[in-house]
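Chemist: I'm passing along query-v9.tsv; it holds TSV, C-alpha atoms and all ligand atoms.
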chain	number	residue	atom	x	y	z
A	245	MET	CA	20.96	57.97	-16.06
A	246	GLU	CA	17.46	57.48	-14.59
A	247	GLU	CA	14.44	58.17	-16.78
A	248	VAL	CA	10.93	58.48	-15.38
A	249	ARG	CA	8.06	58.87	-17.80
A	250	GLY	CA	5.09	60.81	-16.46
A	251	LYS	CA	1.83	61.53	-18.25
A	252	HIS	CA	3.07	64.82	-19.66
A	253	VAL	CA	6.82	64.95	-19.08
A	254	LEU	CA	9.77	62.59	-19.26
A	255	LEU	CA	12.23	63.45	-16.50
A	256	ARG	CA	15.86	62.43	-16.64
A	257	PHE	CA	18.28	62.41	-13.73
A	258	ASP	CA	22.00	61.90	-14.20
A	259	GLY	CA	23.42	61.04	-10.78
A	260	GLN	CA	27.00	61.47	-11.98
A	261	ARG	CA	26.34	65.10	-12.79
A	262	CYS	CA	24.46	65.99	-9.60
A	263	ILE	CA	26.45	68.28	-7.27
A	264	HIS	CA	23.96	67.87	-4.41
A	265	ALA	CA	23.01	71.53	-4.31
A	266	ARG	CA	19.59	70.04	-3.36
A	267	HIS	CA	17.38	72.59	-5.13
A	268	CYS	CA	15.18	69.74	-6.31
A	269	VAL	CA	14.59	67.99	-2.99
A	270	LEU	CA	14.21	71.27	-1.11
A	271	SER	CA	11.85	72.89	-3.65
A	272	ARG	CA	9.67	69.89	-4.43
A	273	PRO	CA	10.24	67.03	-1.99
A	274	ASP	CA	6.99	65.52	-3.29
A	275	VAL	CA	8.46	65.21	-6.82
A	276	PHE	CA	12.06	64.43	-5.84
A	277	VAL	CA	11.59	62.48	-2.62
A	278	PRO	CA	14.79	62.35	-0.58
A	279	ASN	CA	16.01	59.37	1.45
A	280	VAL	CA	13.67	56.68	0.17
A	281	GLU	CA	14.40	53.23	-1.18
A	282	GLY	CA	13.33	52.62	-4.80
A	283	GLU	CA	11.20	55.03	-6.78
A	284	TRP	CA	11.96	58.62	-5.76
A	285	ILE	CA	11.05	60.72	-8.82
A	286	HIS	CA	7.34	61.43	-9.33
A	287	PRO	CA	6.72	63.68	-12.34
A	288	ASP	CA	2.94	63.47	-12.13
A	289	ARG	CA	2.90	65.33	-8.82
A	290	ALA	CA	3.68	68.63	-10.59
A	291	THR	CA	2.56	70.44	-13.71
A	292	PRO	CA	4.81	70.35	-16.78
A	293	GLU	CA	5.62	74.02	-16.19
A	294	GLU	CA	6.61	73.35	-12.58
A	295	LEU	CA	8.81	70.46	-13.66
A	296	ALA	CA	10.48	72.63	-16.28
A	297	GLU	CA	11.14	75.29	-13.66
A	298	LEU	CA	12.65	72.68	-11.32
A	299	ALA	CA	14.94	71.41	-14.05
A	300	HIS	CA	16.00	74.94	-15.03
A	301	ALA	CA	17.00	75.61	-11.41
A	302	CYS	CA	19.32	72.59	-11.37
A	303	PRO	CA	22.75	74.15	-11.94
A	304	SER	CA	24.54	70.94	-12.85
A	305	GLY	CA	22.24	69.83	-15.63
A	306	ALA	CA	21.62	66.57	-13.74
A	307	ILE	CA	17.89	67.13	-14.27
A	308	THR	CA	16.68	67.41	-17.85
A	309	TYR	CA	13.24	66.85	-19.32
A	310	GLU	CA	11.28	66.19	-22.45
A	311	ARG	CA	7.75	67.52	-22.79
A	312	LEU	CA	5.36	64.80	-23.98
A	313	ASP	CA	2.42	67.23	-24.13
A	314	GLY	CA	3.74	69.32	-27.02
A	315	GLY	CA	4.88	72.10	-24.68
A	316	PRO	CA	8.16	73.92	-25.23
A	317	GLY	CA	11.49	72.33	-24.32
A	318	GLU	CA	14.28	74.15	-22.54
A	319	ARG	CA	15.34	77.27	-24.38
A	320	ALA	CA	18.85	78.64	-24.41
A	321	PRO	CA	19.25	81.68	-22.15
A	322	VAL	CA	19.38	85.24	-23.47
A	323	VAL	CA	22.79	85.71	-21.83
A	324	ASN	CA	25.39	82.93	-21.72
A	325	LEU	CA	26.82	82.79	-18.21
A	326	VAL	CA	29.64	81.27	-16.21
A	327	ARG	CA	28.95	81.66	-12.51
A	328	VAL	CA	31.95	81.24	-10.23
A	329	ARG	CA	30.91	79.22	-7.17
A	330	GLU	CA	32.80	79.84	-3.92
A	331	HIS	CA	35.15	76.89	-3.21
A	332	GLY	CA	33.31	74.95	-5.91
A	333	PRO	CA	32.80	74.48	-9.63
A	334	LEU	CA	32.01	76.79	-12.52
A	335	ALA	CA	28.28	76.77	-13.26
A	336	VAL	CA	27.71	77.30	-16.98
A	337	HIS	CA	24.42	78.18	-18.62
A	338	GLY	CA	24.03	78.62	-22.36
A	339	GLU	CA	23.67	76.96	-25.71
A	340	LEU	CA	26.54	74.67	-24.84
A	341	THR	CA	28.57	71.95	-26.44
A	342	ILE	CA	30.84	70.41	-23.81
A	343	ALA	CA	33.45	67.94	-25.04
A	344	GLY	CA	31.23	67.37	-28.07
A	345	GLN	CA	27.98	66.88	-26.10
A	346	PRO	CA	25.06	69.35	-26.23
A	347	ALA	CA	23.89	70.84	-22.90
A	348	ARG	CA	22.14	73.87	-21.45
A	349	ARG	CA	23.47	73.74	-17.89
A	350	ALA	CA	26.57	72.21	-16.35
A	351	THR	CA	28.87	72.48	-13.37
A	352	LEU	CA	32.49	72.05	-14.39
A	353	CYS	CA	35.35	70.95	-12.16
A	354	ARG	CA	37.85	73.66	-11.26
A	355	CYS	CA	39.59	71.96	-8.32
A	356	GLY	CA	41.28	69.28	-10.46
A	357	GLN	CA	39.98	66.43	-8.28
A	358	SER	CA	36.78	65.25	-9.99
A	359	ALA	CA	36.67	61.65	-11.14
A	360	ASN	CA	34.12	62.72	-13.75
A	361	LYS	CA	36.04	65.55	-15.48
A	362	PRO	CA	35.19	67.92	-17.04
A	363	TYR	CA	32.14	67.79	-14.75
A	364	CYS	CA	32.14	68.44	-11.03
A	365	ASP	CA	31.48	65.39	-8.88
A	366	GLY	CA	31.64	67.16	-5.53
A	367	SER	CA	35.27	66.15	-4.83
A	368	HIS	CA	36.16	69.78	-4.04
A	369	THR	CA	34.57	69.37	-0.60
A	370	ALA	CA	36.65	66.37	0.48
A	371	ALA	CA	39.73	67.97	-1.11
A	372	GLY	CA	39.26	71.16	0.92
A	373	PHE	CA	39.48	73.23	-2.26
A	374	THR	CA	39.41	76.94	-1.57
A	375	ALA	CA	38.79	79.54	-4.25
A	376	THR	CA	36.85	82.73	-4.02
A	377	GLY	CA	33.45	83.12	-5.62
A	378	GLU	CA	34.20	86.85	-5.86
A	379	PRO	CA	37.24	87.18	-8.14
A	380	ALA	CA	38.30	90.70	-9.13
A	381	THR	CA	36.54	92.39	-12.03
A	382	ARG	CA	38.66	92.62	-15.17
A	383	PRO	CA	38.11	95.45	-17.63
A	384	SER	CA	35.93	94.19	-20.48
A	385	ALA	CA	33.67	95.73	-23.08
A	386	PRO	CA	30.01	94.74	-23.48
A	387	LEU	CA	29.64	91.92	-25.97
A	388	ALA	CA	28.00	92.65	-29.32
A	389	ARG	CA	25.99	89.48	-28.82
A	390	ARG	CA	25.30	87.84	-25.47
A	391	ASP	CA	23.78	84.55	-26.58
A	392	GLY	CA	24.57	81.95	-29.24
A	393	PRO	CA	26.54	78.72	-29.27
A	394	VAL	CA	29.38	78.17	-26.81
A	395	THR	CA	31.88	75.38	-27.27
A	396	ILE	CA	33.71	74.17	-24.20
A	397	THR	CA	36.76	72.04	-24.87
A	398	PRO	CA	38.81	70.45	-22.13
A	399	ILE	CA	42.44	70.70	-23.15
A	400	GLN	CA	44.53	67.63	-22.32
A	401	ASN	CA	46.41	68.27	-19.05
A	402	GLY	CA	45.28	71.88	-19.22
A	403	PRO	CA	42.41	74.33	-18.96
A	404	LEU	CA	38.89	74.53	-20.36
A	405	ARG	CA	38.80	76.51	-23.59
A	406	CYS	CA	35.49	78.30	-24.13
A	407	THR	CA	34.62	79.87	-27.44
A	408	GLY	CA	31.42	81.84	-28.01
A	409	ALA	CA	29.93	84.80	-26.18
A	410	LEU	CA	30.32	84.36	-22.42
A	411	GLU	CA	29.89	86.56	-19.39
A	412	VAL	CA	31.64	85.49	-16.21
A	413	VAL	CA	29.88	86.56	-13.04
A	414	SER	CA	30.76	86.25	-9.38
A	415	GLY	CA	28.57	84.41	-6.86
A	416	THR	CA	26.79	87.68	-6.17
A	417	GLY	CA	26.23	88.40	-9.86
A	418	ARG	CA	28.96	91.01	-10.41
A	419	THR	CA	30.48	90.94	-13.89
A	420	VAL	CA	34.03	89.55	-13.70
A	421	GLU	CA	34.88	89.21	-17.40
A	422	ARG	CA	33.25	89.11	-20.82
A	423	GLY	CA	34.70	87.53	-23.92
A	424	ASP	CA	34.34	85.12	-26.77
A	425	LYS	CA	37.47	83.10	-26.07
A	426	LEU	CA	38.27	82.37	-22.45
A	427	PHE	CA	40.47	79.80	-20.74
A	428	PHE	CA	39.39	78.58	-17.30
A	429	CYS	CA	41.66	76.84	-14.80
A	430	ARG	CA	40.67	73.26	-14.07
A	431	CYS	CA	43.81	72.13	-12.26
A	432	GLY	CA	42.92	74.12	-9.15
A	433	GLN	CA	46.38	75.75	-8.97
A	434	SER	CA	46.12	78.99	-10.92
A	435	ALA	CA	46.99	82.15	-9.01
A	436	ASN	CA	44.46	83.94	-11.20
A	437	LYS	CA	41.38	81.77	-10.67
A	438	PRO	CA	38.98	81.23	-12.30
A	439	PHE	CA	41.27	81.80	-15.28
A	440	CYS	CA	44.22	79.69	-16.35
A	441	ASP	CA	47.64	81.25	-15.78
A	442	GLY	CA	49.72	78.35	-17.11
A	443	THR	CA	50.51	76.85	-13.68
A	444	HIS	CA	49.19	73.45	-14.82
A	445	LYS	CA	52.37	73.00	-16.88
A	446	ARG	CA	54.61	73.34	-13.81
A	447	THR	CA	52.47	71.21	-11.51
A	448	GLY	CA	52.13	68.24	-13.88
A	449	PHE	CA	48.32	68.31	-13.93
A	450	THR	CA	46.90	65.39	-15.90
A	451	ALA	CA	43.42	65.17	-17.41
A	452	ASP	CA	41.88	63.88	-20.60
A	453	GLY	CA	41.10	66.34	-23.34
A	454	GLU	CA	41.95	67.66	-26.76
A	455	PRO	CA	45.65	67.07	-27.43
A	456	PRO	CA	47.74	70.21	-26.90
A	457	ALA	CA	49.10	69.88	-30.44
A	458	SER	CA	45.77	71.04	-31.89
A	459	ARG	CA	45.01	73.75	-29.37
A	460	SER	CA	45.44	77.48	-29.47
A	461	LYS	CA	47.68	78.88	-26.74
A	462	PRO	CA	45.93	80.09	-23.61
B	1	LIG	S1	22.41	69.40	-8.82
B	1	LIG	FE1	20.35	69.27	-9.65
B	1	LIG	S2	19.73	67.17	-9.28
B	1	LIG	FE2	21.50	67.56	-7.97
B	1	LIG	S3	20.62	68.20	-6.01
B	1	LIG	FE3	21.01	70.05	-7.20
B	1	LIG	S4	19.07	70.46	-8.26
B	1	LIG	FE4	18.99	68.35	-7.54
B	2	LIG	S1	44.48	74.71	-15.84
B	2	LIG	FE1	44.98	75.55	-13.85
B	2	LIG	S2	46.54	77.03	-14.38
B	2	LIG	FE2	45.98	76.22	-16.35
For the structure just supplied, provide its representation as structure tokens.
Modeler:
Amino acid sequence: MEEVRGKHVLLRFDGQRCIHARHCVLSRPDVFVPNVEGEWIHPDRATPEELAELAHACPSGAITYERLDGGPGERAPVVNLVRVREHGPLAVHGELTIAGQPARRATLCRCGQSANKPYCDGSHTAAGFTATGEPATRPSAPLARRDGPVTITPIQNGPLRCTGALEVVSGTGRTVERGDKLFFCRCGQSANKPFCDGTHKRTGFTADGEPPASRSKP
């Protein structure tokens, strides 16, 4: 984790979480300077509000910040979202707790290949993972509440269990599913992606997580 303290904002960058979507270096190459040796993050070249906006646009949560000027920190969104990325991870945005750690944004592995599970580390590209970003819409009723805490628990050798209000949207923003208890495939083998269909049991998928003995059935 890199930390760079500016006059008004402390910026943090977690290289292990970065999925190289490059919003930061394309939006503000003066703040996040690509392809240089040594110091590459320059918080004082942007206003605190601009830095906050940059961080909020980072889907993986690799960029986070702390305001040192008394300004507001990152708020939870009004609608908790899981965005299904074509041939890539699940991008989650909400008042999250992931494997016991608080977060607002994260990209979670769904190809089964990441060395940094439950987070995406970009391995899907080398693995040639293919999975649509436009899964079919499932019938679902509007949620009574669209925000609030979401707990994401990787199940040992199995899926991601998500509890709390969540809306699943396709890459183009179409609603795919809504619910307050959803199980997402993270072995890469489900025939019903992005949801778990139990295939992980047949394929011998292995991954750290909460022991199956204490889980609810998907
Ligand atoms: S994931 Fe975040 S830190 Fe990584 S390139 Fe994209 S915007 Fe930048
Ligand atoms: S985790 Fe992939 S089918 Fe269950």
Chemist: Which residues are close to Lys361 of chain A, i.e. within 9 Å by all atoms listed in the file, leaving aside same-chain residues fewer than 2 positions away? Reply as a ChimeraX atom specification.
Modeler: /A:352-353,356-359,363-365,398,451-452
Chemist: Could the residues that lie within 7 Å of ligand LIG 2 (chain B), counting only C-alpha atoms and all ligand atoms, be listed as a VMD selection string?
Modeler: chain A and resid 402 to 403 428 to 434 440 to 444
Chemist: Give as a PyMOL selection string the residues surrounding ligand LIG 1 (chain B) up to a distance of 12 Å, considering only C-alpha atoms and all ligand atoms.
Modeler: chain A and resi 245-246+255-273+275-278+285+295-309+333+335+349-352+363-366
Chemist: Sorted by chain and rising residue number, list the residues of segment 338-413 of chain A at most 10 Å from segment 320-332 of chain A (counting all atoms listed in the file), each with its closest atom pair and distance in Å to one decimal, as CSV.
Modeler:
residue,atom,partner,partner_atom,distance
A:Gly338,CA,A:Asn324,CA,4.6
A:Glu339,CA,A:Ala320,CA,5.3
A:Leu340,CA,A:Ala320,CA,8.7
A:Ala347,CA,A:Ala320,CA,9.4
A:Arg348,CA,A:Ala320,CA,6.5
A:Arg349,CA,A:Ala320,CA,9.4
A:Ala350,CA,A:Val326,CA,9.6
A:Thr351,CA,A:Gly332,CA,9.0
A:Leu352,CA,A:Gly332,CA,9.0
A:Cys353,CA,A:Gly332,CA,7.7
A:Arg354,CA,A:Gly332,CA,7.1
A:Cys355,CA,A:Gly332,CA,7.4
A:Cys364,CA,A:Gly332,CA,8.4
A:Gly366,CA,A:Gly332,CA,8.0
A:Ser367,CA,A:Gly332,CA,9.1
A:His368,CA,A:Gly332,CA,6.2
A:Thr369,CA,A:Gly332,CA,7.8
A:Gly372,CA,A:His331,CA,8.2
A:Phe373,CA,A:His331,CA,5.7
A:Thr374,CA,A:His331,CA,4.6
A:Ala375,CA,A:His331,CA,4.6
A:Thr376,CA,A:Glu330,CA,5.0
A:Gly377,CA,A:Glu330,CA,3.8
A:Glu378,CA,A:Glu330,CA,7.4
A:Pro379,CA,A:Val328,CA,8.2
A:Arg389,CA,A:Val323,CA,8.6
A:Arg390,CA,A:Val323,CA,4.9
A:Asp391,CA,A:Val323,CA,5.0
A:Gly392,CA,A:Asn324,CA,7.6
A:Pro393,CA,A:Asn324,CA,8.7
A:Val394,CA,A:Asn324,CA,8.0
A:Gly408,CA,A:Asn324,CA,8.8
A:Ala409,CA,A:Asn324,CA,6.6
A:Leu410,CA,A:Asn324,CA,5.2
A:Glu411,CA,A:Leu325,CA,5.0
A:Val412,CA,A:Val326,CA,4.7
A:Val413,CA,A:Arg327,CA,5.0
Chemist: Return the single residue from A:Ala290, A:Ala343, A:Val280, A:Val420 that is closest to Ala385 of chain A, with distances computed using only C-alpha atoms.
Modeler: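 For Ala385 of chain A, the nearest of the given residues is A:Val420.
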Chemist: Return the single residue from A:His337, A:Arg446, A:Lys251, A:Arg311 that is closest to Thr395 of chain A, with distances computed using all atoms listed in the file.
Modeler: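 Ranked by minimum distance to Thr395 of chain A, first place goes to A:His337.
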Chemist: Out of A:Glu293, A:Glu421, A:Glu454, A:Glu318, which residue has the shortest atom-to-atom distance to Ile399 of chain A when counting all atoms listed in the file?
Modeler: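 The answer is A:Glu454, which sits nearest to Ile399 of chain A.
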Chemist: Interatomic distance between atom CA of Leu426 of chain A and atom CA of Pro455 of chain A?
Modeler: 17.7 Å
Chemist: Kindly give the distance, in Å, that separates atom CA of Ser384 of chain A and atom CA of Gly423 of chain A, rounded to a single decimal.
Modeler: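 So the answer is 7.6 Å.
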Chemist: Expressed in Å to a single decimal, how great is the separation between atom CA of His286 of chain A and atom CA of Gln345 of chain A?
Modeler: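 We find that atom CA of His286 of chain A and atom CA of Gln345 of chain A lie 27.1 Å from each other.
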Chemist: Restricting the calculation to all atoms listed in the file: of A:Arg422, A:Pro346, A:Arg405, A:Glu310, which residue gets closest to Thr381 of chain A?
Modeler: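 Of all the options, A:Arg422 lies closest to Thr381 of chain A.
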Chemist: May I ask which of the residues A:Gly282, A:Pro386, A:Pro287, A:Pro456 is the closest one to Asn401 of chain A, counting all atoms listed in the file?
Modeler: A:Pro456
Chemist: Ranking A:Val336, A:Gly250, A:Lys425, A:Gln400 by minimum distance to Gly448 of chain A and counting only C-alpha atoms, which one comes first?
Modeler: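 The answer is A:Gln400, which sits nearest to Gly448 of chain A.
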Chemist: Got a minute to add N, CA and C atoms to segment 389-425 of chain A and dump it as a short mmCIF file (atom, residue, chain, number, x, y, z; two decimals), in the frame of the given file?
Modeler:
data_model
loop_
_atom_site.label_atom_id
_atom_site.label_comp_id
_atom_site.auth_asym_id
_atom_site.auth_seq_id
_atom_site.Cartn_x
_atom_site.Cartn_y
_atom_site.Cartn_z
N ARG A 389 27.06 90.47 -28.92
CA ARG A 389 25.99 89.48 -28.82
C ARG A 389 26.20 88.70 -27.53
N ARG A 390 25.15 88.46 -26.79
CA ARG A 390 25.30 87.84 -25.47
C ARG A 390 24.82 86.40 -25.44
N ASP A 391 24.26 85.93 -26.54
CA ASP A 391 23.78 84.55 -26.58
C ASP A 391 24.51 83.82 -27.72
N GLY A 392 23.96 82.69 -28.15
CA GLY A 392 24.57 81.95 -29.24
C GLY A 392 25.37 80.77 -28.73
N PRO A 393 25.85 79.94 -29.67
CA PRO A 393 26.54 78.72 -29.27
C PRO A 393 27.86 78.97 -28.54
N VAL A 394 28.11 78.12 -27.57
CA VAL A 394 29.38 78.17 -26.81
C VAL A 394 29.97 76.77 -26.84
N THR A 395 31.20 76.67 -27.25
CA THR A 395 31.88 75.38 -27.27
C THR A 395 32.91 75.33 -26.16
N ILE A 396 32.79 74.32 -25.32
CA ILE A 396 33.71 74.17 -24.20
C ILE A 396 34.56 72.92 -24.45
N THR A 397 35.84 73.14 -24.54
CA THR A 397 36.76 72.04 -24.87
C THR A 397 37.77 71.86 -23.76
N PRO A 398 37.74 70.71 -23.10
CA PRO A 398 38.81 70.45 -22.13
C PRO A 398 40.11 70.18 -22.89
N ILE A 399 41.14 70.91 -22.52
CA ILE A 399 42.44 70.70 -23.15
C ILE A 399 43.19 69.65 -22.33
N GLN A 400 43.80 68.70 -23.03
CA GLN A 400 44.53 67.63 -22.32
C GLN A 400 45.55 68.23 -21.35
N ASN A 401 45.48 67.81 -20.10
CA ASN A 401 46.41 68.27 -19.05
C ASN A 401 46.41 69.79 -18.88
N GLY A 402 45.33 70.42 -19.30
CA GLY A 402 45.28 71.88 -19.22
C GLY A 402 43.89 72.39 -18.96
N PRO A 403 43.65 73.65 -19.35
CA PRO A 403 42.41 74.33 -18.96
C PRO A 403 41.20 73.94 -19.81
N LEU A 404 40.10 74.62 -19.53
CA LEU A 404 38.89 74.53 -20.36
C LEU A 404 38.95 75.72 -21.33
N ARG A 405 38.85 75.42 -22.60
CA ARG A 405 38.80 76.51 -23.59
C ARG A 405 37.34 76.73 -23.95
N CYS A 406 36.89 77.98 -23.82
CA CYS A 406 35.49 78.30 -24.13
C CYS A 406 35.45 79.30 -25.26
N THR A 407 34.77 78.94 -26.33
CA THR A 407 34.62 79.87 -27.44
C THR A 407 33.14 80.14 -27.65
N GLY A 408 32.81 81.40 -27.92
CA GLY A 408 31.42 81.84 -28.01
C GLY A 408 31.20 82.88 -26.93
N ALA A 409 30.17 83.70 -27.11
CA ALA A 409 29.93 84.80 -26.18
C ALA A 409 29.69 84.30 -24.76
N LEU A 410 30.45 84.80 -23.81
CA LEU A 410 30.32 84.36 -22.42
C LEU A 410 30.53 85.54 -21.47
N GLU A 411 29.68 85.59 -20.46
CA GLU A 411 29.89 86.56 -19.39
C GLU A 411 30.19 85.77 -18.12
N VAL A 412 31.24 86.16 -17.45
CA VAL A 412 31.64 85.49 -16.21
C VAL A 412 31.15 86.37 -15.07
N VAL A 413 30.38 85.77 -14.16
CA VAL A 413 29.88 86.56 -13.04
C VAL A 413 30.29 85.90 -11.72
N SER A 414 30.42 86.75 -10.71
CA SER A 414 30.76 86.25 -9.38
C SER A 414 29.51 85.62 -8.74
N GLY A 415 29.70 85.02 -7.58
CA GLY A 415 28.57 84.41 -6.86
C GLY A 415 27.46 85.40 -6.59
N THR A 416 27.81 86.68 -6.45
CA THR A 416 26.79 87.68 -6.17
C THR A 416 26.29 88.36 -7.45
N GLY A 417 26.76 87.89 -8.60
CA GLY A 417 26.23 88.40 -9.86
C GLY A 417 27.01 89.54 -10.47
N ARG A 418 28.14 89.93 -9.85
CA ARG A 418 28.96 91.01 -10.41
C ARG A 418 29.69 90.50 -11.65
N THR A 419 29.76 91.34 -12.69
CA THR A 419 30.48 90.94 -13.89
C THR A 419 31.98 90.89 -13.60
N VAL A 420 32.59 89.75 -13.92
CA VAL A 420 34.03 89.55 -13.70
C VAL A 420 34.79 89.72 -15.01
N GLU A 421 34.20 89.19 -16.09
CA GLU A 421 34.88 89.21 -17.40
C GLU A 421 33.84 88.94 -18.48
N ARG A 422 34.08 89.44 -19.66
CA ARG A 422 33.25 89.11 -20.82
C ARG A 422 34.18 88.81 -21.98
N GLY A 423 33.82 87.82 -22.79
CA GLY A 423 34.70 87.53 -23.92
C GLY A 423 34.14 86.43 -24.78
N ASP A 424 34.79 86.23 -25.92
CA ASP A 424 34.34 85.12 -26.77
C ASP A 424 35.41 84.06 -26.94
N LYS A 425 36.49 84.19 -26.16
CA LYS A 425 37.47 83.10 -26.07
C LYS A 425 38.13 83.20 -24.70
#
